[in-house]
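Undergrad: Have a peek at my_file28.cif (mmCIF, C-alpha atoms).
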```
data_input
#
loop_
_atom_site.group_PDB
_atom_site.id
_atom_site.type_symbol
_atom_site.label_atom_id
_atom_site.label_comp_id
_atom_site.auth_asym_id
_atom_site.auth_seq_id
_atom_site.Cartn_x
_atom_site.Cartn_y
_atom_site.Cartn_z
ATOM 1 C CA MET A 628 75.133 166.180 8.438
ATOM 2 C CA ARG A 629 76.055 164.077 5.401
ATOM 3 C CA ASN A 630 79.514 165.696 5.346
ATOM 4 C CA PHE A 631 80.020 164.860 9.027
ATOM 5 C CA LEU A 632 79.074 161.185 8.510
ATOM 6 C CA SER A 633 81.396 161.051 5.518
ATOM 7 C CA PHE A 634 84.197 162.468 7.719
ATOM 8 C CA LEU A 635 83.587 159.769 10.346
ATOM 9 C CA LYS A 636 84.029 157.112 7.650
ATOM 10 C CA SER A 637 87.090 158.767 6.126
ATOM 11 C CA LYS A 638 90.589 157.332 6.313
ATOM 12 C CA THR A 639 91.919 160.519 7.978
ATOM 13 C CA PHE A 640 89.475 160.262 10.899
ATOM 14 C CA LEU A 641 90.222 156.546 11.443
ATOM 15 C CA ILE A 642 93.990 157.261 11.464
ATOM 16 C CA GLN A 643 93.545 160.110 13.976
ATOM 17 C CA LEU A 644 91.262 157.940 16.135
ATOM 18 C CA GLY A 645 93.841 155.124 16.081
ATOM 19 C CA LEU A 646 96.645 157.536 17.005
ATOM 20 C CA ALA A 647 94.547 158.972 19.877
ATOM 21 C CA LEU A 648 93.846 155.464 21.259
ATOM 22 C CA LEU A 649 97.506 154.521 20.933
ATOM 23 C CA ALA A 650 98.575 157.699 22.752
ATOM 24 C CA THR A 651 96.052 157.025 25.561
ATOM 25 C CA ILE A 652 97.255 153.433 26.002
ATOM 26 C CA LEU A 653 100.873 154.617 26.029
ATOM 27 C CA ILE A 654 100.168 157.332 28.646
ATOM 28 C CA VAL A 655 98.271 154.878 30.900
ATOM 29 C CA PHE A 656 101.074 152.297 30.577
ATOM 30 C CA LEU A 657 103.775 154.869 31.443
ATOM 31 C CA ALA A 658 101.730 156.186 34.387
ATOM 32 C CA LEU A 659 101.319 152.666 35.793
ATOM 33 C CA GLN A 660 105.045 151.962 35.415
ATOM 34 C CA TRP A 661 105.881 155.215 37.204
ATOM 35 C CA LEU A 662 103.478 154.403 40.060
ATOM 36 C CA LYS A 663 104.904 150.903 40.334
ATOM 37 C CA SER A 664 108.462 152.184 40.656
ATOM 38 C CA THR A 665 107.663 154.991 43.120
ATOM 39 C CA THR A 666 105.445 152.908 45.424
ATOM 40 C CA ASN A 667 107.614 149.745 45.287
ATOM 41 C CA HIS A 668 104.583 147.828 44.068
ATOM 42 C CA GLY A 669 104.917 144.152 44.855
ATOM 43 C CA GLU A 670 108.090 144.707 46.931
ATOM 44 C CA PHE A 671 107.636 143.875 50.610
ATOM 45 C CA VAL A 672 109.865 143.583 53.651
ATOM 46 C CA GLU A 673 109.185 140.943 56.304
ATOM 47 C CA VAL A 674 109.057 142.557 59.749
ATOM 48 C CA PRO A 675 111.783 141.014 61.977
ATOM 49 C CA ASP A 676 111.106 139.867 65.546
ATOM 50 C CA PHE A 677 112.492 142.635 67.765
ATOM 51 C CA SER A 678 111.277 140.992 70.998
ATOM 52 C CA LYS A 679 113.724 141.343 73.934
ATOM 53 C CA MET A 680 116.215 143.335 71.792
ATOM 54 C CA SER A 681 117.922 146.292 73.431
ATOM 55 C CA VAL A 682 117.066 149.693 71.949
ATOM 56 C CA PRO A 683 120.508 150.097 70.230
ATOM 57 C CA ASP A 684 120.227 146.597 68.686
ATOM 58 C CA MET A 685 116.669 147.381 67.559
ATOM 59 C CA ARG A 686 117.850 150.584 65.816
ATOM 60 C CA THR A 687 120.506 148.654 63.876
ATOM 61 C CA ALA A 688 118.053 145.901 62.870
ATOM 62 C CA VAL A 689 115.434 148.465 61.754
ATOM 63 C CA GLU A 690 117.945 150.250 59.514
ATOM 64 C CA GLU A 691 119.181 146.965 58.019
ATOM 65 C CA ALA A 692 115.585 145.964 57.199
ATOM 66 C CA GLY A 693 114.954 149.303 55.433
ATOM 67 C CA LEU A 694 112.289 150.350 57.940
ATOM 68 C CA ARG A 695 111.690 153.295 60.276
ATOM 69 C CA TYR A 696 110.684 153.220 63.941
ATOM 70 C CA GLU A 697 109.024 155.153 66.721
ATOM 71 C CA VAL A 698 109.292 154.311 70.427
ATOM 72 C CA LEU A 699 106.021 154.675 72.317
ATOM 73 C CA ASP A 700 105.740 155.342 76.048
ATOM 74 C CA SER A 701 107.077 152.566 78.230
ATOM 75 C CA ALA A 702 104.632 150.003 79.546
ATOM 76 C CA ASN A 703 104.427 148.569 83.060
ATOM 77 C CA PHE A 704 107.599 146.730 83.978
ATOM 78 C CA ASN A 705 107.604 143.107 82.782
ATOM 79 C CA PRO A 706 110.107 140.903 84.674
ATOM 80 C CA ASP A 707 110.140 138.358 81.804
ATOM 81 C CA TYR A 708 111.973 140.873 79.589
ATOM 82 C CA PRO A 709 115.357 142.584 80.145
ATOM 83 C CA ARG A 710 115.279 146.225 81.231
ATOM 84 C CA PHE A 711 115.041 148.716 78.341
ATOM 85 C CA SER A 712 114.271 145.939 75.864
ATOM 86 C CA ILE A 713 111.450 145.704 73.311
ATOM 87 C CA ILE A 714 108.326 144.096 74.798
ATOM 88 C CA ASP A 715 105.859 144.857 71.996
ATOM 89 C CA GLN A 716 105.904 145.918 68.346
ATOM 90 C CA ASN A 717 103.314 146.950 65.773
ATOM 91 C CA PRO A 718 103.079 145.543 63.121
ATOM 92 C CA PRO A 719 104.012 142.154 64.638
ATOM 93 C CA ALA A 720 106.974 140.040 63.509
ATOM 94 C CA GLY A 721 106.419 138.137 60.265
ATOM 95 C CA ASN A 722 104.080 140.708 58.693
ATOM 96 C CA LYS A 723 104.979 141.858 55.206
ATOM 97 C CA VAL A 724 105.149 145.644 54.865
ATOM 98 C CA LYS A 725 106.385 148.176 52.325
ATOM 99 C CA GLU A 726 109.965 149.371 52.622
ATOM 100 C CA ASN A 727 110.380 152.470 54.823
ATOM 101 C CA ARG A 728 107.283 151.522 56.860
ATOM 102 C CA LYS A 729 107.308 152.809 60.440
ATOM 103 C CA ILE A 730 107.336 150.176 63.217
ATOM 104 C CA TYR A 731 106.020 151.204 66.659
ATOM 105 C CA PHE A 732 107.804 149.816 69.728
ATOM 106 C CA THR A 733 106.976 149.584 73.434
ATOM 107 C CA VAL A 734 110.049 149.437 75.702
ATOM 108 C CA ASN A 735 110.338 147.724 79.078
ATOM 109 C CA PRO A 736 111.121 150.342 81.770
ATOM 110 C CA SER A 737 114.030 150.041 84.190
ATOM 111 C CA GLY A 738 111.933 148.524 86.978
ATOM 112 C CA TYR A 739 108.655 148.576 88.841
ATOM 113 C CA LYS A 740 107.348 151.975 89.780
ATOM 114 C CA LYS A 741 107.206 152.675 93.498
ATOM 115 C CA VAL A 742 103.970 152.594 95.463
ATOM 116 C CA THR A 743 103.084 154.075 98.845
ATOM 117 C CA VAL A 744 102.574 151.743 101.809
ATOM 118 C CA PRO A 745 99.045 152.363 103.169
ATOM 119 C CA LYS A 746 98.212 152.817 106.873
ATOM 120 C CA ILE A 747 97.256 149.338 108.008
ATOM 121 C CA GLU A 748 98.168 149.294 111.706
ATOM 122 C CA GLN A 749 95.216 148.279 113.904
ATOM 123 C CA VAL A 750 93.475 146.825 110.830
ATOM 124 C CA THR A 751 92.521 143.156 110.549
ATOM 125 C CA LYS A 752 94.895 140.884 108.653
ATOM 126 C CA ARG A 753 92.252 140.255 105.984
ATOM 127 C CA ASN A 754 91.569 143.961 105.355
ATOM 128 C CA ALA A 755 95.273 144.802 105.459
ATOM 129 C CA THR A 756 96.007 142.130 102.831
ATOM 130 C CA SER A 757 93.310 143.589 100.547
ATOM 131 C CA MET A 758 94.631 147.146 101.026
ATOM 132 C CA LEU A 759 98.194 146.072 100.217
ATOM 133 C CA ARG A 760 97.107 144.128 97.118
ATOM 134 C CA ALA A 761 95.122 147.155 95.932
ATOM 135 C CA VAL A 762 98.311 149.243 95.730
ATOM 136 C CA GLY A 763 100.330 146.403 94.164
ATOM 137 C CA LEU A 764 102.106 144.882 97.157
ATOM 138 C CA ASP A 765 102.007 141.206 98.050
ATOM 139 C CA VAL A 766 101.768 139.656 101.520
ATOM 140 C CA GLN A 767 104.420 136.942 101.537
ATOM 141 C CA ARG A 768 103.882 135.776 105.092
ATOM 142 C CA THR A 769 102.342 136.590 108.447
ATOM 143 C CA THR A 770 104.065 136.289 111.795
ATOM 144 C CA TYR A 771 102.421 136.569 115.201
ATOM 145 C CA ILE A 772 103.432 138.289 118.406
ATOM 146 C CA ASP A 773 101.900 138.225 121.897
ATOM 147 C CA GLU A 774 99.305 140.975 121.617
ATOM 148 C CA LEU A 775 95.632 140.936 122.595
ATOM 149 C CA GLY A 776 94.281 141.953 119.156
ATOM 150 C CA LYS A 777 93.995 138.561 117.444
ATOM 151 C CA ASP A 778 94.781 138.847 113.700
ATOM 152 C CA MET A 779 95.189 142.610 114.153
ATOM 153 C CA VAL A 780 98.136 144.121 112.261
ATOM 154 C CA TYR A 781 100.686 145.804 114.542
ATOM 155 C CA TYR A 782 103.314 146.626 111.917
ATOM 156 C CA VAL A 783 104.701 145.629 108.509
ATOM 157 C CA LYS A 784 108.184 144.419 107.543
ATOM 158 C CA TYR A 785 110.005 144.457 104.230
ATOM 159 C CA LYS A 786 113.221 142.438 103.844
ATOM 160 C CA GLY A 787 113.314 142.018 107.624
ATOM 161 C CA LYS A 788 113.037 145.754 108.369
ATOM 162 C CA ARG A 789 110.034 147.509 109.866
ATOM 163 C CA ILE A 790 108.376 149.976 107.493
ATOM 164 C CA LYS A 791 105.987 152.831 108.162
ATOM 165 C CA PRO A 792 102.832 154.014 106.360
ATOM 166 C CA GLY A 793 103.840 156.413 103.578
ATOM 167 C CA ASP A 794 107.116 154.611 102.822
ATOM 168 C CA LYS A 795 107.697 153.816 99.147
ATOM 169 C CA LEU A 796 108.313 150.274 97.889
ATOM 170 C CA PRO A 797 108.676 148.882 94.358
ATOM 171 C CA LYS A 798 105.375 147.523 93.043
ATOM 172 C CA THR A 799 104.966 143.731 93.571
ATOM 173 C CA SER A 800 107.275 143.828 96.625
ATOM 174 C CA LYS A 801 106.628 141.029 99.113
ATOM 175 C CA VAL A 802 105.958 142.187 102.663
ATOM 176 C CA GLU A 803 105.440 140.522 106.024
ATOM 177 C CA LEU A 804 102.514 141.304 108.323
ATOM 178 C CA VAL A 805 103.150 141.192 112.063
ATOM 179 C CA CYS A 806 99.853 140.462 113.829
ATOM 180 C CA GLY A 807 98.644 139.802 117.351
ATOM 181 C CA ASN A 808 97.965 136.209 118.400
ATOM 182 C CA GLY A 809 95.298 137.084 120.962
ATOM 183 C CA ALA A 810 97.469 136.113 123.928
ATOM 184 C CA ARG A 811 97.977 138.493 126.822
ATOM 185 C CA THR A 812 101.510 139.788 127.117
ATOM 186 C CA THR A 813 103.430 139.321 130.364
ATOM 187 C CA GLN A 814 103.280 143.070 130.945
ATOM 188 C CA SER A 815 99.496 143.239 130.595
ATOM 189 C CA ALA A 816 99.124 140.203 132.888
ATOM 190 C CA GLU A 817 101.305 141.928 135.545
ATOM 191 C CA ILE A 818 99.252 145.132 135.303
ATOM 192 C CA LYS A 819 96.036 143.154 135.815
ATOM 193 C CA ALA A 820 97.529 141.254 138.791
ATOM 194 C CA ASN A 821 98.719 144.475 140.487
ATOM 195 C CA SER A 822 95.323 146.079 140.084
ATOM 196 C CA GLU A 823 93.568 143.177 141.887
#
```
Since I need it in another form, could you write the structure as structure tokens?

TA:
Amino acid sequence: MRNFLSFLKSKTFLIQLGLALLATILIVFLALQWLKSTTNHGEFVEVPDFSKMSVPDMRTAVEEAGLRYEVLDSANFNPDYPRFSIIDQNPPAGNKVKENRKIYFTVNPSGYKKVTVPKIEQVTKRNATSMLRAVGLDVQRTTYIDELGKDMVYYVKYKGKRIKPGDKLPKTSKVELVCGNGARTTQSAEIKANSE
């Protein structure tokens, strides 16, 4: 035990202890420097604003910024953005990210998807309007014809042409309802007169 304590106080032990500490500090320092260089510690890239860019322009800008990208599924068509342009990105513009970070993009599709015109003949104007809105169509106006069913839908028009249930129209299309005004037609009045 006395020999061991003497060894701990000896010059040889203190030199070896000093060398061991120095080696440890050197290894830790070199490891930190290596990590710093391989992870680009402290080096960030500001994410550009890709909003409304076409996909080819976005690819060029991503490469110039030293980033990577992935295009997600297209969203619903947004008329405020050009077709096939970027409508959303993650992370957002202005964020600081590491070089080679992947940016996720949502692209505006080529147009509204098509929806099926529901069967609304012989349905009230109010119910027909609700049914059309439910599938994504918009009633732009209502015109009336001489038919007994007041506010009853007789047919639907799109861009001046009569359309049938089951026809496909782009979502958000504006249609026209043609309804009865409650007045008897001349033909129905003649039939009633002949029967009397």

Undergrad: Hey, which of A:Leu694, A:Val682, A:Ala688, A:Ile652 ends up closest to Phe711 in chain A? Count all atoms listed in the file.

TA: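 Of A:Leu694, A:Val682, A:Ala688, A:Ile652, the one nearest Phe711 in chain A, counting all atoms listed in the file, is A:Val682.
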
Undergrad: Would you mind telling me which residue in A:Phe704, A:Tyr696, A:Phe656, A:Tyr785 lies nearest to Tyr739 in chain A when using all atoms listed in the file?

TA: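 Answer, going by the shortest atom-to-atom distance: A:Phe704.
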
Undergrad: Decode the PyMOL selection byres ((chain A and resi 761) around 12) for the given file into explicit residues and return them as a PyMOL selection string.

TA: chain A and resi 742-745+754-760+762-766+798-799

Undergrad: Using all atoms listed in the file, find the one residue out of A:Arg710, A:Arg695, A:Lys636, A:Lys746 that sits nearest to Asn727 in chain A.

TA: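 The answer is A:Arg695, which sits nearest to Asn727 in chain A.
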
Undergrad: For the point (104.8, 149.1, 63.3) in file coordinates, what residues are within 12 Å, counting all atoms listed in the file? Give the answer as a ChimeraX atom specification?

TA: /A:673-677,689,694-699,715-733

Undergrad: Do a neighbour search on Val734 in chain A at 6 Å with all atoms listed in the file, toss out local chain neighbours closer than 2 positions, and write the hits as a ChimeraX atom specification.

TA: /A:701,711-714

Undergrad: So, counting only C-alpha atoms, which residue among A:Arg789, A:Lys777, A:Arg768, A:Lys741 is closest to Lys801 in chain A?

TA: A:Arg768

Undergrad: With only C-alpha atoms as the atoms that count, which of A:Lys638, A:Gln643, A:Lys679, A:Thr687 lies nearest to Asp707 in chain A?

TA: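 With only C-alpha atoms as the atom set, the closest residue is A:Lys679.
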
Undergrad: So how many Å separate CA of Tyr771 in chain A and CA of Lys784 in chain A, to one decimal?

TA: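 For CA of Tyr771 in chain A relative to CA of Lys784 in chain A, the distance reads 12.4 Å.
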
Undergrad: In Å, rounded to a single decimal, give me how far CA of Thr769 in chain A is from CA of Tyr781 in chain A.

TA: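 So the two atoms, CA of Tyr781 in chain A and CA of Thr769 in chain A, lie 11.2 Å apart.
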
Undergrad: With distances taken over only C-alpha atoms, which of A:Gly645, A:Asp794, A:Gly787, A:Ile772 is nearest to Gly807 in chain A?

TA: A:Ile772

Undergrad: Between CA of Arg686 in chain A and CA of Tyr708 in chain A, what distance in Å does the model show, to one decimal?

TA: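 We find that CA of Arg686 in chain A and CA of Tyr708 in chain A lie 17.8 Å from each other.
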